[in-house]
Amino acid sequence: LLLLATVTRSGAIQTIRAGFVSISPDRRVQVIIIAWLFGSFIEGAAGFGTPAAVVAPLLLALGFPAIAAVLAGLIIQSTPVSFGAVGTPMIVGIGTGLSKEDGSMSADVAARASELGLSQSEFIAHTAAQVALMHGICGILIPLLLSCLMTGFFGRNRRFADGLAIAPFAIFSALAMIVPYLLVANLLGPEFPSLIGGLVGLAIVVSASKAGFLMPKKTWDFAPREMWPKHWMGTVDPADEAAELTKKMSMIRAWSPYLIVVALLLFTRNVPPVKEFLTGPAVIKVKEIFGTAISSDMDLLWSPGFIFVIACLCTYLIHRMTGSQIAGSWKIAGSQIAGAAVALLCSLPLVRVFINSGSDYNASGLDSMPVTLAEAAASTVGSGWPLLAPFVGALGAFVAGSNTVSNIMFSQFQFSTGSAIGAASPETVVAAQAVGGAAGNMVAVHNVVAASATVGLVGREGELIRRTSIPMLVYSLTAGALAFIGINGLGFNSGTIVFGAVLVGLIVAVVLARKSPGKELVAETPRPKEKAVED
């Protein structure tokens with residue numbers, strides 16, 4: 001959040017925005033490049049709902065209806081979210097959710113990690129790789145969905161078929177991000193998939209677009225603004241946003257802060273002596289807190305936050321920022337961090353009580369709350385639980401507004417349930433939880449309100465949640481089916497049936513969209529002005 005505020009105050013974000021304008025006049029291409037690719041990169045770098053808040057004003061400035069801009073920003077809050085803020089939902093979310101009060105793994109998780117021959121961090125990375133695979137399959141149609149939503153809801157003829165017309169480009173854009181995303185998740189760990197996947201995908205697709213590769217033959221645009229219904233528009237003037245679409249510095253200088261982050265993360269995570277120092281001598285150990293047996297380690301220099309602070313300090317020099325600009329960036333980020341801190345500072349103690357409520361911490365001999373809930377879930381749903389696991393994650397994200405918080409709350413519960421139903425790999429159930437938690441960001445009230453505020457769209461939050469709820473449900477259902485297949489294998493089982501049903505449903509939706517003639521957009525009739533009444 002601090003780095004994003006820094007590049008905003010320095011003017012770099014205006015250069016980055018301006019770089020998108022000349023790529024293509026086709027609105028379908030613009031929404032895929034800006035929302036899907038740039039949004040994924042911003043998610044990987046900042047997280048906490050910032051992609052929608054960054055993408056929406058940019059699309060508004062390019063001439064998108066306000067409600068369409070926010071909708072696009074929310075839909076992409078799915079595939080990249082689990083690896084947002086340099087892997088926070090994985091490292092902090094699942095890592096904290098599966099650990100005891102001293103930071104070590106709970107007994108059942110430790111036993112599973114030992115069975116696989118993995119350390120704590122390696123087990124989290126192993127789970128994260130499964131998360132990435134599920135996301136890769138679920139997210140491959142997100143760019144095409146973006147295109148169809150723009151043409152079906154906001155086009156002159158409101159035809160979803162117009163969005164399907166650029167299917168080759170949409171699938172290419174999806175793969176340009178997902179392929180490096182999957183490779184990075186398996187080779188470099190949970191910090192980098194969205195960050196590097198979005199950056200590499202952006203470079204590939206922008207270069208291909210400028211070369212005319214898979215570009216649509218006919219340019220698609222919205223109807224003239226005078227035909228737009230009033231509820232499409234917010235209170236922010238698009239002309240003011242468009243006025244900022246000017247280059248303030250060179251493109252390399254503008255992107256340099258993010259390139260520094262990538263370089264530093266790769267250096268600290270992959271150079272053994274540096275990694276050993278940051279995770280060893282540099283760690284602050286706090287033992288026997290308040291006279292108890294509880295201890296904790298604070299690896300502050302290993303935290304991605306430290307990397308971002310270093311990148312900000314470099315940006316002050318590279319962008320030649322003034323004192324007032326620097327102070328302004330800290331003020332903006334401080335207010336945003338305060339909002340996120342309230343949720344985290346309230347949820348973390350609650351989760352620690354939730355997890356550490358077993359017989360070791362009470363005289364009643366009762367099992368901990370996650371184990372008790374897991375036993376109830378296992379006895380009620382049985383082996384079909386993986387199908388429902390993503391919906392628990394989505395519910396947590398909807399309520400808390402954060403995939404990280406959802407994972408902290410429910411990871412242990414999901415792992416225990418997976419063990420209780422006899423799943424060969426209970427971590428797959430945790431992976432389904434994380435994917436569902438990411439999909440829940442599409443409908444998270446916090447994200448919807450924050451994104452709507454950036455374009456002055458007040459009172460349309462309910463409509464946005466209704467429109468994003470269907471993609472969220474399909475995404476979560478697909479993740480559940482994949483988790484079931486991952487645990488039980490392919491065959492005539494519930495997972496395969498559900499996955500097949502989703503595929504059939506998508507095929508039917510495409511066929512109906514192609515046959516539908518659409519519905520022409522008709523300009524609203526202005527209401528007659530009321531005559532003034534003299535007193």
# chains A, B, ... in the order shown; residues from 1 in each chain; ligands from 1
>>> closest_atom_pairs(of="segment 4-105 of chain A", to="segment 115-134 of chain A", cutoff="8 Å", atoms="only C-alpha atoms", output="tab-separated table")
residue	atom	partner	partner_atom	distance
A:Ser82	CA	A:Val131	CA	7.7
A:Met90	CA	A:Ala128	CA	6.6
A:Ile91	CA	A:Ile124	CA	7.0
A:Ile94	CA	A:Ile124	CA	7.2
A:Gly95	CA	A:Ile124	CA	6.5
A:Ser104	CA	A:Gln120	CA	7.7
A:Met105	CA	A:Gln120	CA	6.8
>>> write_last_selection(atoms="N, CA and C atoms", output="short mmCIF file (atom, residue, chain, number, x, y, z; two decimals), in the first residue's frame")
data_model
loop_
_atom_site.label_atom_id
_atom_site.label_comp_id
_atom_site.auth_asym_id
_atom_site.auth_seq_id
_atom_site.Cartn_x
_atom_site.Cartn_y
_atom_site.Cartn_z
N SER A 82 -5.01 -15.13 -4.20
CA SER A 82 -4.34 -16.02 -3.23
C SER A 82 -2.86 -15.72 -3.08
N MET A 90 -1.13 -16.78 1.55
CA MET A 90 -0.51 -18.09 1.75
C MET A 90 0.40 -18.08 2.98
N ILE A 91 1.35 -17.18 3.00
CA ILE A 91 2.37 -17.17 4.04
C ILE A 91 1.78 -16.81 5.40
N ILE A 94 -2.55 -19.01 5.49
CA ILE A 94 -2.46 -20.45 5.75
C ILE A 94 -1.37 -20.75 6.77
N GLY A 95 -0.23 -20.02 6.66
CA GLY A 95 0.87 -20.26 7.61
C GLY A 95 0.44 -20.05 9.05
N SER A 104 5.02 -22.72 15.39
CA SER A 104 5.29 -24.03 14.81
C SER A 104 3.98 -24.67 14.36
N MET A 105 4.08 -25.69 13.52
CA MET A 105 2.89 -26.35 12.99
C MET A 105 2.16 -27.12 14.08
#
>>> select_by_dssp(residues="segment 104-206 of chain A", states="alpha helix (DSSP H)", output="ChimeraX atom specification")
/A:107-116,120-138,142-154,160-164,167-187,193-206
>>> closest_residue(among="A:Ala107, A:Ile178, A:Ala66, A:Ala394", to="Arg225 of chain A", atoms="only C-alpha atoms")
A:Ala66
>>> residues_around(residues="segment 142-145 of chain A", least_positions_apart="6", cutoff="8 Å", atoms="only C-alpha atoms", output="PyMOL selection string")
chain A and resi 32+36+75-76+163-164+166-167+170-171+173-174
>>> write_last_selection(atoms="N, CA, C and O atoms", output="PDB file, in the first residue's frame")
ATOM      1  N   ILE A  32      -9.299  -6.311 -20.845  1.00  0.00           N
ATOM      2  CA  ILE A  32      -8.498  -7.501 -20.553  1.00  0.00           C
ATOM      3  C   ILE A  32      -7.085  -7.107 -20.129  1.00  0.00           C
ATOM      4  O   ILE A  32      -6.548  -7.620 -19.142  1.00  0.00           O
ATOM      5  N   TRP A  36      -7.399  -7.494 -16.177  1.00  0.00           N
ATOM      6  CA  TRP A  36      -6.868  -8.831 -15.936  1.00  0.00           C
ATOM      7  C   TRP A  36      -5.363  -8.820 -15.690  1.00  0.00           C
ATOM      8  O   TRP A  36      -4.876  -9.344 -14.679  1.00  0.00           O
ATOM      9  N   ILE A  75     -14.267  -8.495 -10.791  1.00  0.00           N
ATOM     10  CA  ILE A  75     -14.224  -9.840 -11.366  1.00  0.00           C
ATOM     11  C   ILE A  75     -12.818 -10.429 -11.308  1.00  0.00           C
ATOM     12  O   ILE A  75     -12.639 -11.632 -11.079  1.00  0.00           O
ATOM     13  N   ILE A  76     -11.802  -9.595 -11.503  1.00  0.00           N
ATOM     14  CA  ILE A  76     -10.433 -10.136 -11.495  1.00  0.00           C
ATOM     15  C   ILE A  76      -9.925 -10.368 -10.073  1.00  0.00           C
ATOM     16  O   ILE A  76      -8.813 -10.879  -9.878  1.00  0.00           O
ATOM     17  N   GLY A 163     -18.750 -10.164 -27.153  1.00  0.00           N
ATOM     18  CA  GLY A 163     -17.605 -10.450 -26.293  1.00  0.00           C
ATOM     19  C   GLY A 163     -16.925 -11.748 -26.666  1.00  0.00           C
ATOM     20  O   GLY A 163     -15.698 -11.858 -26.600  1.00  0.00           O
ATOM     21  N   LEU A 164     -17.736 -12.740 -27.083  1.00  0.00           N
ATOM     22  CA  LEU A 164     -17.171 -14.026 -27.493  1.00  0.00           C
ATOM     23  C   LEU A 164     -16.331 -13.910 -28.757  1.00  0.00           C
ATOM     24  O   LEU A 164     -15.499 -14.774 -29.037  1.00  0.00           O
ATOM     25  N   ILE A 166     -13.870 -12.193 -29.453  1.00  0.00           N
ATOM     26  CA  ILE A 166     -12.414 -12.086 -29.262  1.00  0.00           C
ATOM     27  C   ILE A 166     -11.908 -13.224 -28.361  1.00  0.00           C
ATOM     28  O   ILE A 166     -10.903 -13.063 -27.655  1.00  0.00           O
ATOM     29  N   ALA A 167     -12.589 -14.372 -28.411  1.00  0.00           N
ATOM     30  CA  ALA A 167     -12.189 -15.512 -27.585  1.00  0.00           C
ATOM     31  C   ALA A 167     -10.718 -15.899 -27.762  1.00  0.00           C
ATOM     32  O   ALA A 167     -10.026 -16.158 -26.763  1.00  0.00           O
ATOM     33  N   ALA A 170      -8.669 -13.468 -25.794  1.00  0.00           N
ATOM     34  CA  ALA A 170      -8.941 -13.596 -24.364  1.00  0.00           C
ATOM     35  C   ALA A 170      -8.241 -14.820 -23.780  1.00  0.00           C
ATOM     36  O   ALA A 170      -7.638 -14.745 -22.698  1.00  0.00           O
ATOM     37  N   ILE A 171      -8.317 -15.962 -24.469  1.00  0.00           N
ATOM     38  CA  ILE A 171      -7.661 -17.172 -23.983  1.00  0.00           C
ATOM     39  C   ILE A 171      -6.141 -17.001 -23.992  1.00  0.00           C
ATOM     40  O   ILE A 171      -5.442 -17.428 -23.066  1.00  0.00           O
ATOM     41  N   SER A 173      -4.541 -14.209 -23.606  1.00  0.00           N
ATOM     42  CA  SER A 173      -4.214 -13.319 -22.483  1.00  0.00           C
ATOM     43  C   SER A 173      -4.266 -14.070 -21.161  1.00  0.00           C
ATOM     44  O   SER A 173      -3.451 -13.817 -20.258  1.00  0.00           O
ATOM     45  N   ALA A 174      -5.230 -14.994 -21.044  1.00  0.00           N
ATOM     46  CA  ALA A 174      -5.320 -15.796 -19.828  1.00  0.00           C
ATOM     47  C   ALA A 174      -4.071 -16.661 -19.660  1.00  0.00           C
ATOM     48  O   ALA A 174      -3.461 -16.706 -18.585  1.00  0.00           O
TER      49      ALA A 174
END
>>> residues_around(residues="Gly212 of chain A", least_positions_apart="3", cutoff="12 Å", atoms="only C-alpha atoms", output="MDAnalysis selection string")
chainID A and resid 23:24 29 169 205:209 215:217
>>> write_last_selection(atoms="N, CA, C and O atoms", output="PDB file, in the first residue's frame")
ATOM      1  N   ILE A  23      -2.524   1.301 -26.908  1.00  0.00           N
ATOM      2  CA  ILE A  23      -2.433  -0.110 -27.287  1.00  0.00           C
ATOM      3  C   ILE A  23      -3.514  -0.495 -28.280  1.00  0.00           C
ATOM      4  O   ILE A  23      -3.252  -1.052 -29.344  1.00  0.00           O
ATOM      5  N   SER A  24      -4.774  -0.204 -27.971  1.00  0.00           N
ATOM      6  CA  SER A  24      -5.895  -0.550 -28.845  1.00  0.00           C
ATOM      7  C   SER A  24      -7.109   0.285 -28.460  1.00  0.00           C
ATOM      8  O   SER A  24      -7.361   0.501 -27.269  1.00  0.00           O
ATOM      9  N   VAL A  29     -10.366  -5.314 -25.623  1.00  0.00           N
ATOM     10  CA  VAL A  29      -8.923  -5.490 -25.448  1.00  0.00           C
ATOM     11  C   VAL A  29      -8.443  -4.681 -24.246  1.00  0.00           C
ATOM     12  O   VAL A  29      -7.643  -5.159 -23.426  1.00  0.00           O
ATOM     13  N   PHE A 169      -8.082 -14.057 -28.465  1.00  0.00           N
ATOM     14  CA  PHE A 169      -7.251 -13.090 -27.757  1.00  0.00           C
ATOM     15  C   PHE A 169      -7.431 -13.236 -26.248  1.00  0.00           C
ATOM     16  O   PHE A 169      -6.456 -13.150 -25.479  1.00  0.00           O
ATOM     17  N   VAL A 205       1.389  -9.729 -23.690  1.00  0.00           N
ATOM     18  CA  VAL A 205       0.144  -9.338 -24.366  1.00  0.00           C
ATOM     19  C   VAL A 205       0.236  -7.936 -24.961  1.00  0.00           C
ATOM     20  O   VAL A 205      -0.246  -7.697 -26.077  1.00  0.00           O
ATOM     21  N   VAL A 206       0.870  -7.005 -24.263  1.00  0.00           N
ATOM     22  CA  VAL A 206       1.015  -5.649 -24.813  1.00  0.00           C
ATOM     23  C   VAL A 206       1.867  -5.695 -26.083  1.00  0.00           C
ATOM     24  O   VAL A 206       1.526  -5.066 -27.089  1.00  0.00           O
ATOM     25  N   SER A 207       2.955  -6.452 -26.047  1.00  0.00           N
ATOM     26  CA  SER A 207       3.810  -6.568 -27.239  1.00  0.00           C
ATOM     27  C   SER A 207       3.050  -7.221 -28.388  1.00  0.00           C
ATOM     28  O   SER A 207       3.126  -6.770 -29.545  1.00  0.00           O
ATOM     29  N   ALA A 208       2.309  -8.289 -28.086  1.00  0.00           N
ATOM     30  CA  ALA A 208       1.540  -8.981 -29.120  1.00  0.00           C
ATOM     31  C   ALA A 208       0.437  -8.089 -29.684  1.00  0.00           C
ATOM     32  O   ALA A 208       0.172  -8.087 -30.893  1.00  0.00           O
ATOM     33  N   SER A 209      -0.187  -7.302 -28.808  1.00  0.00           N
ATOM     34  CA  SER A 209      -1.268  -6.418 -29.251  1.00  0.00           C
ATOM     35  C   SER A 209      -0.743  -5.338 -30.194  1.00  0.00           C
ATOM     36  O   SER A 209      -1.359  -5.038 -31.217  1.00  0.00           O
ATOM     37  N   MET A 215      -5.616  -9.586 -32.810  1.00  0.00           N
ATOM     38  CA  MET A 215      -6.446  -8.403 -32.613  1.00  0.00           C
ATOM     39  C   MET A 215      -7.766  -8.539 -33.403  1.00  0.00           C
ATOM     40  O   MET A 215      -7.770  -9.057 -34.521  1.00  0.00           O
ATOM     41  N   PRO A 216      -8.892  -8.103 -32.827  1.00  0.00           N
ATOM     42  CA  PRO A 216     -10.175  -8.187 -33.536  1.00  0.00           C
ATOM     43  C   PRO A 216     -10.180  -7.322 -34.790  1.00  0.00           C
ATOM     44  O   PRO A 216      -9.579  -6.229 -34.813  1.00  0.00           O
ATOM     45  N   LYS A 217     -10.851  -7.817 -35.836  1.00  0.00           N
ATOM     46  CA  LYS A 217     -10.920  -7.071 -37.091  1.00  0.00           C
ATOM     47  C   LYS A 217     -11.828  -5.857 -36.973  1.00  0.00           C
ATOM     48  O   LYS A 217     -11.603  -4.828 -37.601  1.00  0.00           O
TER      49      LYS A 217
END
>>> decode(residues="segment 175-252 of chain A", atoms="C-alpha atoms", output="PDB file, in the first residue's frame")
ATOM      1  CA  LEU A 175      -2.502 -18.210 -20.665  1.00  0.00           C
ATOM      2  CA  ALA A 176       0.071 -15.399 -20.875  1.00  0.00           C
ATOM      3  CA  MET A 177      -0.537 -14.761 -17.177  1.00  0.00           C
ATOM      4  CA  ILE A 178      -1.436 -18.269 -15.932  1.00  0.00           C
ATOM      5  CA  VAL A 179       1.508 -20.196 -17.445  1.00  0.00           C
ATOM      6  CA  PRO A 180       4.234 -18.096 -15.726  1.00  0.00           C
ATOM      7  CA  TYR A 181       1.961 -17.944 -12.654  1.00  0.00           C
ATOM      8  CA  LEU A 182       1.990 -21.753 -12.387  1.00  0.00           C
ATOM      9  CA  LEU A 183       5.697 -22.057 -13.142  1.00  0.00           C
ATOM     10  CA  VAL A 184       6.586 -19.478 -10.506  1.00  0.00           C
ATOM     11  CA  ALA A 185       4.307 -21.098  -7.894  1.00  0.00           C
ATOM     12  CA  ASN A 186       6.134 -24.402  -8.329  1.00  0.00           C
ATOM     13  CA  LEU A 187       9.673 -23.065  -8.753  1.00  0.00           C
ATOM     14  CA  LEU A 188       9.951 -19.922  -6.629  1.00  0.00           C
ATOM     15  CA  GLY A 189       7.256 -20.224  -3.968  1.00  0.00           C
ATOM     16  CA  PRO A 190       4.096 -18.391  -2.924  1.00  0.00           C
ATOM     17  CA  GLU A 191       5.468 -14.834  -2.943  1.00  0.00           C
ATOM     18  CA  PHE A 192       5.738 -14.406  -6.695  1.00  0.00           C
ATOM     19  CA  PRO A 193       2.970 -16.048  -8.825  1.00  0.00           C
ATOM     20  CA  SER A 194       0.661 -13.041  -9.219  1.00  0.00           C
ATOM     21  CA  LEU A 195       3.452 -10.473  -9.200  1.00  0.00           C
ATOM     22  CA  ILE A 196       5.595 -12.116 -11.879  1.00  0.00           C
ATOM     23  CA  GLY A 197       2.666 -13.756 -13.696  1.00  0.00           C
ATOM     24  CA  GLY A 198       0.954 -10.394 -14.106  1.00  0.00           C
ATOM     25  CA  LEU A 199       4.158  -8.623 -15.130  1.00  0.00           C
ATOM     26  CA  VAL A 200       5.212 -11.274 -17.668  1.00  0.00           C
ATOM     27  CA  GLY A 201       1.677 -11.569 -19.018  1.00  0.00           C
ATOM     28  CA  LEU A 202       1.452  -7.808 -19.375  1.00  0.00           C
ATOM     29  CA  ALA A 203       4.716  -7.668 -21.322  1.00  0.00           C
ATOM     30  CA  ILE A 204       3.673 -10.534 -23.622  1.00  0.00           C
ATOM     31  CA  VAL A 205       0.144  -9.338 -24.366  1.00  0.00           C
ATOM     32  CA  VAL A 206       1.015  -5.649 -24.813  1.00  0.00           C
ATOM     33  CA  SER A 207       3.810  -6.568 -27.239  1.00  0.00           C
ATOM     34  CA  ALA A 208       1.540  -8.981 -29.120  1.00  0.00           C
ATOM     35  CA  SER A 209      -1.268  -6.418 -29.251  1.00  0.00           C
ATOM     36  CA  LYS A 210       0.971  -3.743 -30.716  1.00  0.00           C
ATOM     37  CA  ALA A 211       2.080  -6.264 -33.344  1.00  0.00           C
ATOM     38  CA  GLY A 212      -1.572  -6.976 -34.209  1.00  0.00           C
ATOM     39  CA  PHE A 213      -1.511 -10.584 -32.977  1.00  0.00           C
ATOM     40  CA  LEU A 214      -5.080 -11.947 -32.558  1.00  0.00           C
ATOM     41  CA  MET A 215      -6.446  -8.403 -32.613  1.00  0.00           C
ATOM     42  CA  PRO A 216     -10.175  -8.187 -33.536  1.00  0.00           C
ATOM     43  CA  LYS A 217     -10.920  -7.071 -37.091  1.00  0.00           C
ATOM     44  CA  LYS A 218     -13.801  -4.888 -35.953  1.00  0.00           C
ATOM     45  CA  THR A 219     -13.319  -2.402 -33.145  1.00  0.00           C
ATOM     46  CA  TRP A 220     -15.996  -2.574 -30.461  1.00  0.00           C
ATOM     47  CA  ASP A 221     -16.993   0.454 -28.403  1.00  0.00           C
ATOM     48  CA  PHE A 222     -19.725   1.527 -26.018  1.00  0.00           C
ATOM     49  CA  ALA A 223     -22.751   3.473 -27.192  1.00  0.00           C
ATOM     50  CA  PRO A 224     -22.441   7.268 -27.149  1.00  0.00           C
ATOM     51  CA  ARG A 225     -22.378   8.614 -23.603  1.00  0.00           C
ATOM     52  CA  GLU A 226     -25.685  10.453 -24.041  1.00  0.00           C
ATOM     53  CA  MET A 227     -27.413   7.078 -24.392  1.00  0.00           C
ATOM     54  CA  TRP A 228     -26.095   5.694 -21.104  1.00  0.00           C
ATOM     55  CA  PRO A 229     -28.602   5.196 -18.272  1.00  0.00           C
ATOM     56  CA  LYS A 230     -27.971   7.480 -15.342  1.00  0.00           C
ATOM     57  CA  HIS A 231     -27.211   4.601 -12.959  1.00  0.00           C
ATOM     58  CA  TRP A 232     -24.182   3.627 -15.077  1.00  0.00           C
ATOM     59  CA  MET A 233     -22.368   6.810 -14.107  1.00  0.00           C
ATOM     60  CA  GLY A 234     -20.857   7.968 -10.845  1.00  0.00           C
ATOM     61  CA  THR A 235     -20.200  11.412  -9.440  1.00  0.00           C
ATOM     62  CA  VAL A 236     -16.530  11.505 -10.521  1.00  0.00           C
ATOM     63  CA  ASP A 237     -16.043  13.385 -13.789  1.00  0.00           C
ATOM     64  CA  PRO A 238     -14.279  11.141 -16.354  1.00  0.00           C
ATOM     65  CA  ALA A 239     -12.772  14.256 -17.944  1.00  0.00           C
ATOM     66  CA  ASP A 240     -10.847  14.965 -14.751  1.00  0.00           C
ATOM     67  CA  GLU A 241      -9.532  11.409 -14.691  1.00  0.00           C
ATOM     68  CA  ALA A 242      -8.621  11.548 -18.386  1.00  0.00           C
ATOM     69  CA  ALA A 243      -6.684  14.754 -17.827  1.00  0.00           C
ATOM     70  CA  GLU A 244      -4.207  12.750 -15.748  1.00  0.00           C
ATOM     71  CA  LEU A 245      -3.406  10.364 -18.619  1.00  0.00           C
ATOM     72  CA  THR A 246      -0.177  12.131 -19.497  1.00  0.00           C
ATOM     73  CA  LYS A 247       3.401  10.946 -19.218  1.00  0.00           C
ATOM     74  CA  LYS A 248       5.279  12.499 -16.312  1.00  0.00           C
ATOM     75  CA  MET A 249       8.496  10.498 -16.744  1.00  0.00           C
ATOM     76  CA  SER A 250       9.994   7.725 -18.831  1.00  0.00           C
ATOM     77  CA  MET A 251       8.304   4.317 -18.746  1.00  0.00           C
ATOM     78  CA  ILE A 252      11.392   2.627 -17.256  1.00  0.00           C
TER      79      ILE A 252
END
